Amino acid sequence: MAKTESAAAGEETELKKELGRVVKTILEEEDIGLKTIEATRILCNLAELKLKKPVGLGVDDAVMPEKFKCPLSGERMGDPVILASGQTFDRPHIQKWLNEGNLTCPLSKQVLSHTILTPNYLVRELISDWRIQRGIALPKSYQDVDGNMNTEVDQIYLNSLLERMSSSISDQKEAAKELRRLTKTTRSYRAVFCEFTDAISRLLSPLLQSKVELDPSVQEDLITTVLNLSIHGNNKKLIAENPIVIPVLIESMKFGTIETRRNAAAALFSLCALDSNKFIIGNSGALVPLLELLHERHPLAMIDAASAIFSLCIVSENRAKFIEIGIVKVMLQKIKDGIFVDELLSLLALLSTDQNVVEELGDLDTLRWLVQIIRDSSSKLAKENCVAILYNVCLKDLTMLMVIRAEEIKKHTLAEIVDTGTTRARRKASGIIKKIHKVFPAIQSLRK
């Protein structure tokens, strides 16, 4: 189902808020590799969203359509719901009608078979589009603290969607698409989802039964729903510790649409916000599929994989595992191909504290290539991380230190960084120069 303009506008607003927080962190901190990857991922998502932005729904611009007004109040609806008679009303007004003991429809006078109120999402989104196009705010009674729609969760409806996940393929397909939409657009649904009994197991049951092979879109919708749910802080521990979730995400990184594969990686990255989850994921078998996804030529898939890898590598045990399966070789090739140079250099700088990585980086061609980036790159972040890598290599390999010494005598590359680099780059460059002075005292000065 295509994004409506209101959903796209809401998503764009959330992404911009998130980007603002990340940029603020980048400006305040020194070691910013992970945040830079995250900022790039958000920018890619914003770009993709703008490319897919719909042109409108053709609602008359002159006046508010009558169907947007509640038949009881005559005012624009903020939370339209469908009564058993099929008529649509604003929730507060029809709920008041029912609370007064009325068991008939106010319009048709039909006796109601039940009093369940079903959200009318189509009308809600049409009203939201109309409101956004004209810059009209929601009534205060419908706003949350951020000014967004404060939607009451229809628990009966949500439970019915979960029940349909064990029904026919067509039911699964419709329910999966609706669950994806609800958990993306409505934070209250994300907040209460895991409170339902076996909610995650019921959600993912089609994937466990392998019926999904008949329709990859079901897999994509369910994995994206897991990603949406993982955004809510209270869900992260519950999701990661559920014994079926991580294996399903791992399988989905291997098989499925590119959207499925990257969203599975993005879900792992989201879950990594909890340190305890980093250990769970690191011991789950997820590392090889993440590295394979980094091989992809799809830019967003690579960003999602790199984000998850970086976060996992904060734990030393996970760093060792990634190094063992060959991550350094993969990253070096990507960087040399000019792909996500800043982001992957940040990750390589983190890994270069390991002796095994120093040995992989300790060849003349790689060393000269890093120095070349320092001299030629216009990116201060790339320069900073290259200097950090050289610092780690030179401290543990005197042969490489000798090569850097010769380079510095000729070009004064590090001396220039001491004068013009970032705080971290200046500190690392000074450290290398001091090391050279200590090991080779005959060289009095490496600066012009």
# chains A, B, ... in the order shown; residues from 1 in each chain; ligands from 1
call {"tool": "residues_around", "arguments": {"residues": "range 425-434 of chain A", "least_positions_apart": "6", "cutoff": "9 Å", "atoms": "only C-alpha atoms", "output": "list in words"}}
result
Lys380, Leu381, Lys383, Glu384, Asn385, Cys386, Val387, Ala388, Leu390, Tyr391, Cys394, Leu395, Leu401, Ile404, Arg405, Glu408, Leu414, Ala415, Ile417, Val418, Asp419, Ser445 and Leu446 of chain A
call {"tool": "write_last_selection", "arguments": {"atoms": "C-alpha atoms", "output": "mmCIF file, in the first residue's frame"}}
result
data_model
loop_
_atom_site.group_PDB
_atom_site.id
_atom_site.type_symbol
_atom_site.label_atom_id
_atom_site.label_comp_id
_atom_site.auth_asym_id
_atom_site.auth_seq_id
_atom_site.Cartn_x
_atom_site.Cartn_y
_atom_site.Cartn_z
ATOM 1 C CA LYS A 380 37.978 16.144 7.914
ATOM 2 C CA LEU A 381 36.332 12.972 9.241
ATOM 3 C CA LYS A 383 41.467 12.497 7.584
ATOM 4 C CA GLU A 384 40.790 12.052 11.300
ATOM 5 C CA ASN A 385 40.069 8.343 11.026
ATOM 6 C CA CYS A 386 43.043 7.687 8.746
ATOM 7 C CA VAL A 387 45.330 9.353 11.307
ATOM 8 C CA ALA A 388 43.704 7.278 14.068
ATOM 9 C CA LEU A 390 47.987 5.101 11.435
ATOM 10 C CA TYR A 391 48.396 5.840 15.140
ATOM 11 C CA CYS A 394 52.521 2.648 14.235
ATOM 12 C CA LEU A 395 52.299 2.042 17.978
ATOM 13 C CA LEU A 401 56.581 3.738 11.973
ATOM 14 C CA ILE A 404 55.712 7.067 8.259
ATOM 15 C CA ARG A 405 58.899 8.779 9.432
ATOM 16 C CA GLU A 408 56.826 12.834 7.160
ATOM 17 C CA LEU A 414 51.116 14.794 9.965
ATOM 18 C CA ALA A 415 52.595 18.168 10.882
ATOM 19 C CA ILE A 417 47.203 17.790 10.566
ATOM 20 C CA VAL A 418 48.594 19.004 13.908
ATOM 21 C CA ASP A 419 47.917 22.541 12.691
ATOM 22 C CA SER A 445 62.135 17.870 14.073
ATOM 23 C CA LEU A 446 59.653 16.723 11.475
#
call {"tool": "select_by_dssp", "arguments": {"residues": "range 238-447 of chain A", "states": "helix (DSSP H, G or I)", "output": "MDAnalysis selection string"}}
result
chainID A and resid 238:241 245:254 258:271 275:282 287:294 299:312 316:324 327:336 341:351 355:361 364:376 380:396 398:411 413:420 423:439
call {"tool": "residues_around", "arguments": {"residues": "Leu161 in chain A", "least_positions_apart": "2", "cutoff": "9 Å", "atoms": "only C-alpha atoms", "output": "number ranges by chain"}}
result
A: 156-159, 163-165, 171-172, 174-176, 178-179, 203
call {"tool": "write_last_selection", "arguments": {"atoms": "N, CA and C atoms", "output": "PDB file, in the first residue's frame"}}
result
ATOM      1  N   ILE A 156      -9.137  -4.552  20.496  1.00  0.00           N
ATOM      2  CA  ILE A 156      -9.869  -5.645  19.850  1.00  0.00           C
ATOM      3  C   ILE A 156      -9.429  -5.765  18.395  1.00  0.00           C
ATOM      4  N   TYR A 157      -9.276  -4.630  17.746  1.00  0.00           N
ATOM      5  CA  TYR A 157      -8.845  -4.633  16.341  1.00  0.00           C
ATOM      6  C   TYR A 157      -7.430  -5.183  16.210  1.00  0.00           C
ATOM      7  N   LEU A 158      -6.537  -4.734  17.091  1.00  0.00           N
ATOM      8  CA  LEU A 158      -5.156  -5.204  17.043  1.00  0.00           C
ATOM      9  C   LEU A 158      -5.089  -6.713  17.272  1.00  0.00           C
ATOM     10  N   ASN A 159      -5.858  -7.197  18.233  1.00  0.00           N
ATOM     11  CA  ASN A 159      -5.865  -8.635  18.508  1.00  0.00           C
ATOM     12  C   ASN A 159      -6.423  -9.417  17.324  1.00  0.00           C
ATOM     13  N   GLU A 163      -4.709 -12.492  15.221  1.00  0.00           N
ATOM     14  CA  GLU A 163      -5.384 -13.770  15.001  1.00  0.00           C
ATOM     15  C   GLU A 163      -5.365 -14.161  13.527  1.00  0.00           C
ATOM     16  N   ARG A 164      -5.438 -13.173  12.659  1.00  0.00           N
ATOM     17  CA  ARG A 164      -5.439 -13.448  11.217  1.00  0.00           C
ATOM     18  C   ARG A 164      -4.086 -13.943  10.719  1.00  0.00           C
ATOM     19  N   MET A 165      -3.037 -13.777  11.518  1.00  0.00           N
ATOM     20  CA  MET A 165      -1.724 -14.262  11.096  1.00  0.00           C
ATOM     21  C   MET A 165      -1.658 -15.782  11.064  1.00  0.00           C
ATOM     22  N   ASP A 171      -5.548 -13.613   4.237  1.00  0.00           N
ATOM     23  CA  ASP A 171      -5.727 -12.925   5.521  1.00  0.00           C
ATOM     24  C   ASP A 171      -4.387 -12.467   6.083  1.00  0.00           C
ATOM     25  N   GLN A 172      -3.389 -13.344   5.997  1.00  0.00           N
ATOM     26  CA  GLN A 172      -2.047 -12.989   6.489  1.00  0.00           C
ATOM     27  C   GLN A 172      -1.509 -11.766   5.747  1.00  0.00           C
ATOM     28  N   GLU A 174      -3.137  -9.316   4.183  1.00  0.00           N
ATOM     29  CA  GLU A 174      -3.834  -8.078   4.546  1.00  0.00           C
ATOM     30  C   GLU A 174      -3.468  -7.635   5.957  1.00  0.00           C
ATOM     31  N   ALA A 175      -3.430  -8.608   6.890  1.00  0.00           N
ATOM     32  CA  ALA A 175      -3.133  -8.267   8.286  1.00  0.00           C
ATOM     33  C   ALA A 175      -1.698  -7.772   8.440  1.00  0.00           C
ATOM     34  N   ALA A 176      -0.763  -8.412   7.732  1.00  0.00           N
ATOM     35  CA  ALA A 176       0.650  -8.010   7.819  1.00  0.00           C
ATOM     36  C   ALA A 176       0.835  -6.586   7.317  1.00  0.00           C
ATOM     37  N   GLU A 178      -1.423  -4.213   7.290  1.00  0.00           N
ATOM     38  CA  GLU A 178      -2.044  -3.284   8.233  1.00  0.00           C
ATOM     39  C   GLU A 178      -1.213  -3.129   9.504  1.00  0.00           C
ATOM     40  N   LEU A 179      -0.636  -4.221   9.993  1.00  0.00           N
ATOM     41  CA  LEU A 179       0.226  -4.144  11.179  1.00  0.00           C
ATOM     42  C   LEU A 179       1.464  -3.306  10.898  1.00  0.00           C
ATOM     43  N   LEU A 203       2.774 -12.762  15.626  1.00  0.00           N
ATOM     44  CA  LEU A 203       3.108 -11.912  14.487  1.00  0.00           C
ATOM     45  C   LEU A 203       3.969 -12.658  13.469  1.00  0.00           C
TER      46      LEU A 203
END
call {"tool": "residues_around", "arguments": {"residues": "Leu112 in chain A", "least_positions_apart": "2", "cutoff": "12 Å", "atoms": "only C-alpha atoms", "output": "MDAnalysis selection string"}}
result
chainID A and resid 82:87 98 101:110 114:117
call {"tool": "write_last_selection", "arguments": {"atoms": "N, CA, C and O atoms", "output": "short mmCIF file (atom, residue, chain, number, x, y, z; two decimals), in the first residue's frame"}}
result
data_model
loop_
_atom_site.label_atom_id
_atom_site.label_comp_id
_atom_site.auth_asym_id
_atom_site.auth_seq_id
_atom_site.Cartn_x
_atom_site.Cartn_y
_atom_site.Cartn_z
N ILE A 82 -15.76 3.70 12.73
CA ILE A 82 -16.93 3.14 12.07
C ILE A 82 -17.80 2.41 13.08
O ILE A 82 -17.31 1.54 13.81
N LEU A 83 -19.08 2.74 13.12
CA LEU A 83 -20.04 2.07 13.99
C LEU A 83 -20.50 0.78 13.30
O LEU A 83 -20.31 0.59 12.09
N ALA A 84 -21.14 -0.11 14.04
CA ALA A 84 -21.60 -1.39 13.48
C ALA A 84 -22.55 -1.19 12.31
O ALA A 84 -22.67 -2.04 11.42
N SER A 85 -23.23 -0.04 12.25
CA SER A 85 -24.16 0.26 11.15
C SER A 85 -23.44 0.62 9.86
O SER A 85 -24.06 0.74 8.80
N GLY A 86 -22.10 0.85 9.95
CA GLY A 86 -21.33 1.25 8.78
C GLY A 86 -21.13 2.75 8.67
O GLY A 86 -20.40 3.21 7.79
N GLN A 87 -21.77 3.53 9.54
CA GLN A 87 -21.63 4.98 9.53
C GLN A 87 -20.34 5.39 10.26
O GLN A 87 -19.92 4.72 11.21
N LEU A 98 -22.91 6.20 22.98
CA LEU A 98 -23.01 4.82 23.47
C LEU A 98 -22.99 4.76 24.99
O LEU A 98 -23.70 3.95 25.61
N GLY A 101 -26.12 4.88 26.93
CA GLY A 101 -27.02 3.73 26.89
C GLY A 101 -27.73 3.54 25.57
O GLY A 101 -28.58 2.64 25.42
N ASN A 102 -27.40 4.33 24.57
CA ASN A 102 -28.03 4.18 23.25
C ASN A 102 -27.47 2.96 22.53
O ASN A 102 -26.25 2.78 22.45
N LEU A 103 -28.35 2.13 21.97
CA LEU A 103 -27.93 0.91 21.26
C LEU A 103 -28.37 0.95 19.80
O LEU A 103 -28.50 -0.09 19.14
N THR A 104 -28.62 2.15 19.28
CA THR A 104 -28.99 2.32 17.87
C THR A 104 -28.04 3.30 17.21
O THR A 104 -27.37 4.09 17.87
N CYS A 105 -28.00 3.28 15.89
CA CYS A 105 -27.18 4.23 15.13
C CYS A 105 -27.90 5.58 15.12
O CYS A 105 -29.09 5.65 14.81
N PRO A 106 -27.20 6.66 15.44
CA PRO A 106 -27.85 7.99 15.46
C PRO A 106 -28.42 8.41 14.12
O PRO A 106 -29.37 9.19 14.06
N LEU A 107 -27.85 7.90 13.02
CA LEU A 107 -28.31 8.30 11.69
C LEU A 107 -29.40 7.38 11.15
O LEU A 107 -30.48 7.82 10.79
N SER A 108 -29.10 6.07 11.11
CA SER A 108 -30.03 5.13 10.49
C SER A 108 -31.08 4.59 11.45
O SER A 108 -32.06 3.97 11.03
N LYS A 109 -30.86 4.81 12.75
CA LYS A 109 -31.73 4.28 13.81
C LYS A 109 -31.70 2.75 13.87
O LYS A 109 -32.51 2.13 14.57
N GLN A 110 -30.76 2.16 13.14
CA GLN A 110 -30.61 0.69 13.14
C GLN A 110 -30.13 0.22 14.50
O GLN A 110 -29.26 0.84 15.12
N HIS A 114 -23.35 -4.79 17.75
CA HIS A 114 -22.28 -4.68 18.75
C HIS A 114 -21.89 -3.20 18.86
O HIS A 114 -22.34 -2.38 18.06
N THR A 115 -21.09 -2.88 19.84
CA THR A 115 -20.71 -1.48 20.07
C THR A 115 -19.21 -1.25 19.86
O THR A 115 -18.63 -0.29 20.35
N ILE A 116 -18.57 -2.17 19.14
CA ILE A 116 -17.14 -2.02 18.84
C ILE A 116 -16.95 -0.90 17.82
O ILE A 116 -17.65 -0.84 16.80
N LEU A 117 -16.01 -0.01 18.09
CA LEU A 117 -15.70 1.10 17.18
C LEU A 117 -14.43 0.77 16.41
O LEU A 117 -13.37 0.56 16.99
#
call {"tool": "atom_distance", "arguments": {"atom1": "CA of Ser378 in chain A", "atom2": "CA of Gly421 in chain A"}}
result
11.3 Å
call {"tool": "atom_distance", "arguments": {"atom1": "CA of Pro206 in chain A", "atom2": "CA of Thr257 in chain A"}}
result
16.5 Å
call {"tool": "closest_residue", "arguments": {"among": "A:Asn263, A:Ser166, A:Thr118, A:Thr13", "to": "Gln95 in chain A", "atoms": "only C-alpha atoms"}}
result
A:Thr118
call {"tool": "residues_around", "arguments": {"residues": "range 244-252 of chain A", "least_positions_apart": "2", "cutoff": "6 Å", "atoms": "only C-alpha atoms", "output": "compact mmCIF listing (two decimals) with N, CA and C atoms, in the first residue's frame"}}
result
# COMPACT_ATOMS: atom_id res chain seq x y z
N ASN A 242 13.23 -12.66 22.88
CA ASN A 242 12.30 -13.65 22.35
C ASN A 242 13.09 -14.63 21.48
N LYS A 254 19.20 -13.09 4.67
CA LYS A 254 19.72 -13.97 3.62
C LYS A 254 18.76 -14.09 2.44
N PHE A 255 17.47 -14.16 2.75
CA PHE A 255 16.47 -14.43 1.72
C PHE A 255 15.33 -13.42 1.82
N ARG A 261 15.67 -7.45 3.53
CA ARG A 261 17.02 -7.71 4.03
C ARG A 261 17.59 -6.50 4.78
N ALA A 264 15.72 -5.97 8.10
CA ALA A 264 16.16 -6.92 9.12
C ALA A 264 17.45 -6.43 9.78
N ALA A 286 24.40 -13.80 13.59
CA ALA A 286 23.99 -12.70 12.72
C ALA A 286 25.14 -12.02 12.01
call {"tool": "closest_residue", "arguments": {"among": "A:Ser311, A:Asn283, A:Ser128, A:Gln155", "to": "Phe269 in chain A", "atoms": "only C-alpha atoms"}}
result
A:Ser311
call {"tool": "closest_residue", "arguments": {"among": "A:Lys184, A:Pro441, A:Ile239, A:Leu290", "to": "Glu14 in chain A", "atoms": "only C-alpha atoms"}}
result
A:Lys184
call {"tool": "atom_distance", "arguments": {"atom1": "CA of Glu407 in chain A", "atom2": "CA of Met331 in chain A"}}
result
24.7 Å
call {"tool": "residues_around", "arguments": {"residues": "range 352-369 of chain A", "least_positions_apart": "5", "cutoff": "7 Å", "atoms": "only C-alpha atoms", "output": "JSON, numbers by chain"}}
result
{"A": [389, 392, 393, 400]}
call {"tool": "closest_residue", "arguments": {"among": "A:Leu182, A:Leu122, A:Ala240, A:Ala406", "to": "Thr225 in chain A", "atoms": "only C-alpha atoms"}}
result
A:Leu182
call {"tool": "residues_around", "arguments": {"residues": "Leu274 in chain A", "least_positions_apart": "5", "cutoff": "12 Å", "atoms": "only C-alpha atoms", "output": "PDB file with N, CA and C atoms, in the first residue's frame"}}
result
ATOM      1  N   SER A 230      10.676  -2.234  17.262  1.00  0.00           N
ATOM      2  CA  SER A 230      11.960  -2.132  17.968  1.00  0.00           C
ATOM      3  C   SER A 230      12.333  -0.691  18.290  1.00  0.00           C
ATOM      4  N   ILE A 231      11.691   0.259  17.626  1.00  0.00           N
ATOM      5  CA  ILE A 231      11.988   1.674  17.869  1.00  0.00           C
ATOM      6  C   ILE A 231      11.578   2.067  19.289  1.00  0.00           C
ATOM      7  N   HIS A 232      10.510   1.452  19.789  1.00  0.00           N
ATOM      8  CA  HIS A 232      10.022   1.800  21.123  1.00  0.00           C
ATOM      9  C   HIS A 232      10.946   1.206  22.185  1.00  0.00           C
ATOM     10  N   GLY A 233      11.436   2.056  23.072  1.00  0.00           N
ATOM     11  CA  GLY A 233      12.448   1.635  24.037  1.00  0.00           C
ATOM     12  C   GLY A 233      12.070   0.444  24.885  1.00  0.00           C
ATOM     13  N   ASN A 234      10.820   0.379  25.326  1.00  0.00           N
ATOM     14  CA  ASN A 234      10.402  -0.721  26.195  1.00  0.00           C
ATOM     15  C   ASN A 234      10.321  -2.063  25.475  1.00  0.00           C
ATOM     16  N   ASN A 235      10.321  -2.024  24.137  1.00  0.00           N
ATOM     17  CA  ASN A 235      10.207  -3.268  23.376  1.00  0.00           C
ATOM     18  C   ASN A 235      11.556  -3.929  23.098  1.00  0.00           C
ATOM     19  N   LYS A 236      12.644  -3.166  23.187  1.00  0.00           N
ATOM     20  CA  LYS A 236      13.937  -3.671  22.715  1.00  0.00           C
ATOM     21  C   LYS A 236      14.379  -4.946  23.436  1.00  0.00           C
ATOM     22  N   LYS A 237      14.244  -4.963  24.740  1.00  0.00           N
ATOM     23  CA  LYS A 237      14.655  -6.127  25.517  1.00  0.00           C
ATOM     24  C   LYS A 237      13.738  -7.319  25.240  1.00  0.00           C
ATOM     25  N   LEU A 238      12.429  -7.069  25.218  1.00  0.00           N
ATOM     26  CA  LEU A 238      11.467  -8.136  24.980  1.00  0.00           C
ATOM     27  C   LEU A 238      11.653  -8.783  23.612  1.00  0.00           C
ATOM     28  N   ILE A 239      11.897  -7.957  22.609  1.00  0.00           N
ATOM     29  CA  ILE A 239      12.060  -8.479  21.243  1.00  0.00           C
ATOM     30  C   ILE A 239      13.341  -9.294  21.123  1.00  0.00           C
ATOM     31  N   ALA A 240      14.456  -8.733  21.614  1.00  0.00           N
ATOM     32  CA  ALA A 240      15.745  -9.422  21.461  1.00  0.00           C
ATOM     33  C   ALA A 240      15.797 -10.733  22.243  1.00  0.00           C
ATOM     34  N   GLU A 241      15.112 -10.769  23.376  1.00  0.00           N
ATOM     35  CA  GLU A 241      15.161 -11.967  24.208  1.00  0.00           C
ATOM     36  C   GLU A 241      14.122 -13.005  23.805  1.00  0.00           C
ATOM     37  N   LEU A 268      18.145  -5.057  13.740  1.00  0.00           N
ATOM     38  CA  LEU A 268      19.258  -5.457  14.612  1.00  0.00           C
ATOM     39  C   LEU A 268      19.977  -4.219  15.153  1.00  0.00           C
ATOM     40  N   PHE A 269      20.179  -3.233  14.289  1.00  0.00           N
ATOM     41  CA  PHE A 269      20.822  -1.989  14.721  1.00  0.00           C
ATOM     42  C   PHE A 269      19.995  -1.307  15.806  1.00  0.00           C
ATOM     43  N   PHE A 279      25.324  -8.429  23.005  1.00  0.00           N
ATOM     44  CA  PHE A 279      25.863  -9.758  23.289  1.00  0.00           C
ATOM     45  C   PHE A 279      24.958 -10.852  22.715  1.00  0.00           C
ATOM     46  N   ILE A 280      23.650 -10.664  22.858  1.00  0.00           N
ATOM     47  CA  ILE A 280      22.704 -11.656  22.322  1.00  0.00           C
ATOM     48  C   ILE A 280      22.870 -11.788  20.814  1.00  0.00           C
ATOM     49  N   ILE A 281      22.915 -10.656  20.129  1.00  0.00           N
ATOM     50  CA  ILE A 281      23.034 -10.665  18.663  1.00  0.00           C
ATOM     51  C   ILE A 281      24.401 -11.195  18.240  1.00  0.00           C
ATOM     52  N   SER A 311      27.704  -0.763  15.642  1.00  0.00           N
ATOM     53  CA  SER A 311      27.139  -0.830  16.984  1.00  0.00           C
ATOM     54  C   SER A 311      27.557  -2.116  17.688  1.00  0.00           C
ATOM     55  N   LEU A 312      27.549  -3.225  16.977  1.00  0.00           N
ATOM     56  CA  LEU A 312      27.949  -4.506  17.564  1.00  0.00           C
ATOM     57  C   LEU A 312      29.429  -4.509  17.936  1.00  0.00           C
ATOM     58  N   ILE A 314      31.176  -2.303  19.212  1.00  0.00           N
ATOM     59  CA  ILE A 314      31.491  -1.629  20.473  1.00  0.00           C
ATOM     60  C   ILE A 314      31.855  -2.668  21.533  1.00  0.00           C
ATOM     61  N   VAL A 315      31.319  -3.876  21.391  1.00  0.00           N
ATOM     62  CA  VAL A 315      31.648  -4.995  22.285  1.00  0.00           C
ATOM     63  C   VAL A 315      32.873  -5.718  21.728  1.00  0.00           C
TER      64      VAL A 315
END
call {"tool": "decode", "arguments": {"residues": "range 317-345 of chain A", "atoms": "N, CA and C atoms", "output": "compact mmCIF listing (two decimals), in the first residue's frame"}}
result
# COMPACT_ATOMS: atom_id res chain seq x y z
N GLU A 317 34.17 -8.63 22.14
CA GLU A 317 33.97 -10.00 21.66
C GLU A 317 33.42 -10.01 20.23
N ASN A 318 32.53 -9.09 19.94
CA ASN A 318 31.97 -9.02 18.59
C ASN A 318 33.01 -8.53 17.59
N ARG A 319 33.87 -7.59 18.01
CA ARG A 319 34.94 -7.12 17.12
C ARG A 319 35.81 -8.30 16.70
N ALA A 320 36.19 -9.12 17.66
CA ALA A 320 37.05 -10.27 17.37
C ALA A 320 36.38 -11.22 16.38
N LYS A 321 35.08 -11.42 16.54
CA LYS A 321 34.36 -12.32 15.63
C LYS A 321 34.29 -11.76 14.22
N PHE A 322 34.02 -10.46 14.10
CA PHE A 322 33.97 -9.84 12.77
C PHE A 322 35.34 -9.90 12.10
N ILE A 323 36.39 -9.66 12.87
CA ILE A 323 37.74 -9.72 12.31
C ILE A 323 38.05 -11.12 11.81
N GLU A 324 37.61 -12.10 12.56
CA GLU A 324 37.87 -13.50 12.20
C GLU A 324 37.18 -13.90 10.89
N ILE A 325 36.00 -13.34 10.62
CA ILE A 325 35.28 -13.71 9.39
C ILE A 325 35.64 -12.81 8.21
N GLY A 326 36.62 -11.91 8.38
CA GLY A 326 37.17 -11.18 7.23
C GLY A 326 36.61 -9.81 6.95
N ILE A 327 36.16 -9.10 7.98
CA ILE A 327 35.54 -7.80 7.75
C ILE A 327 36.54 -6.76 7.23
N VAL A 328 37.80 -6.86 7.64
CA VAL A 328 38.78 -5.84 7.25
C VAL A 328 38.98 -5.83 5.74
N LYS A 329 39.11 -6.99 5.16
CA LYS A 329 39.32 -7.09 3.70
C LYS A 329 38.12 -6.50 2.95
N VAL A 330 36.91 -6.80 3.44
CA VAL A 330 35.71 -6.29 2.79
C VAL A 330 35.67 -4.76 2.85
N MET A 331 35.96 -4.21 4.03
CA MET A 331 35.91 -2.75 4.19
C MET A 331 36.98 -2.05 3.38
N LEU A 332 38.17 -2.60 3.36
CA LEU A 332 39.24 -1.98 2.57
C LEU A 332 38.87 -1.89 1.10
N GLN A 333 38.25 -2.95 0.59
CA GLN A 333 37.88 -2.94 -0.83
C GLN A 333 36.78 -1.91 -1.08
N LYS A 334 35.80 -1.81 -0.17
CA LYS A 334 34.73 -0.83 -0.33
C LYS A 334 35.29 0.59 -0.29
N ILE A 335 36.19 0.84 0.64
CA ILE A 335 36.78 2.18 0.77
C ILE A 335 37.59 2.52 -0.49
N LYS A 336 38.37 1.57 -0.98
CA LYS A 336 39.18 1.81 -2.18
C LYS A 336 38.30 2.04 -3.41
N ASP A 337 37.08 1.46 -3.37
CA ASP A 337 36.14 1.69 -4.47
C ASP A 337 35.37 3.00 -4.30
N GLY A 338 35.66 3.72 -3.21
CA GLY A 338 35.02 5.01 -2.98
C GLY A 338 33.61 4.93 -2.43
N ILE A 339 33.27 3.80 -1.78
CA ILE A 339 31.92 3.57 -1.27
C ILE A 339 31.87 3.85 0.23
N PHE A 340 31.06 4.82 0.65
CA PHE A 340 30.89 5.16 2.06
C PHE A 340 32.23 5.27 2.78
N VAL A 341 33.13 6.05 2.20
CA VAL A 341 34.50 6.14 2.71
C VAL A 341 34.52 6.63 4.16
N ASP A 342 33.83 7.73 4.44
CA ASP A 342 33.85 8.28 5.81
C ASP A 342 33.35 7.28 6.83
N GLU A 343 32.20 6.65 6.51
CA GLU A 343 31.57 5.74 7.46
C GLU A 343 32.42 4.49 7.71
N LEU A 344 32.96 3.92 6.63
CA LEU A 344 33.73 2.68 6.79
C LEU A 344 35.10 2.95 7.41
N LEU A 345 35.67 4.13 7.16
CA LEU A 345 36.92 4.48 7.84
C LEU A 345 36.69 4.61 9.35
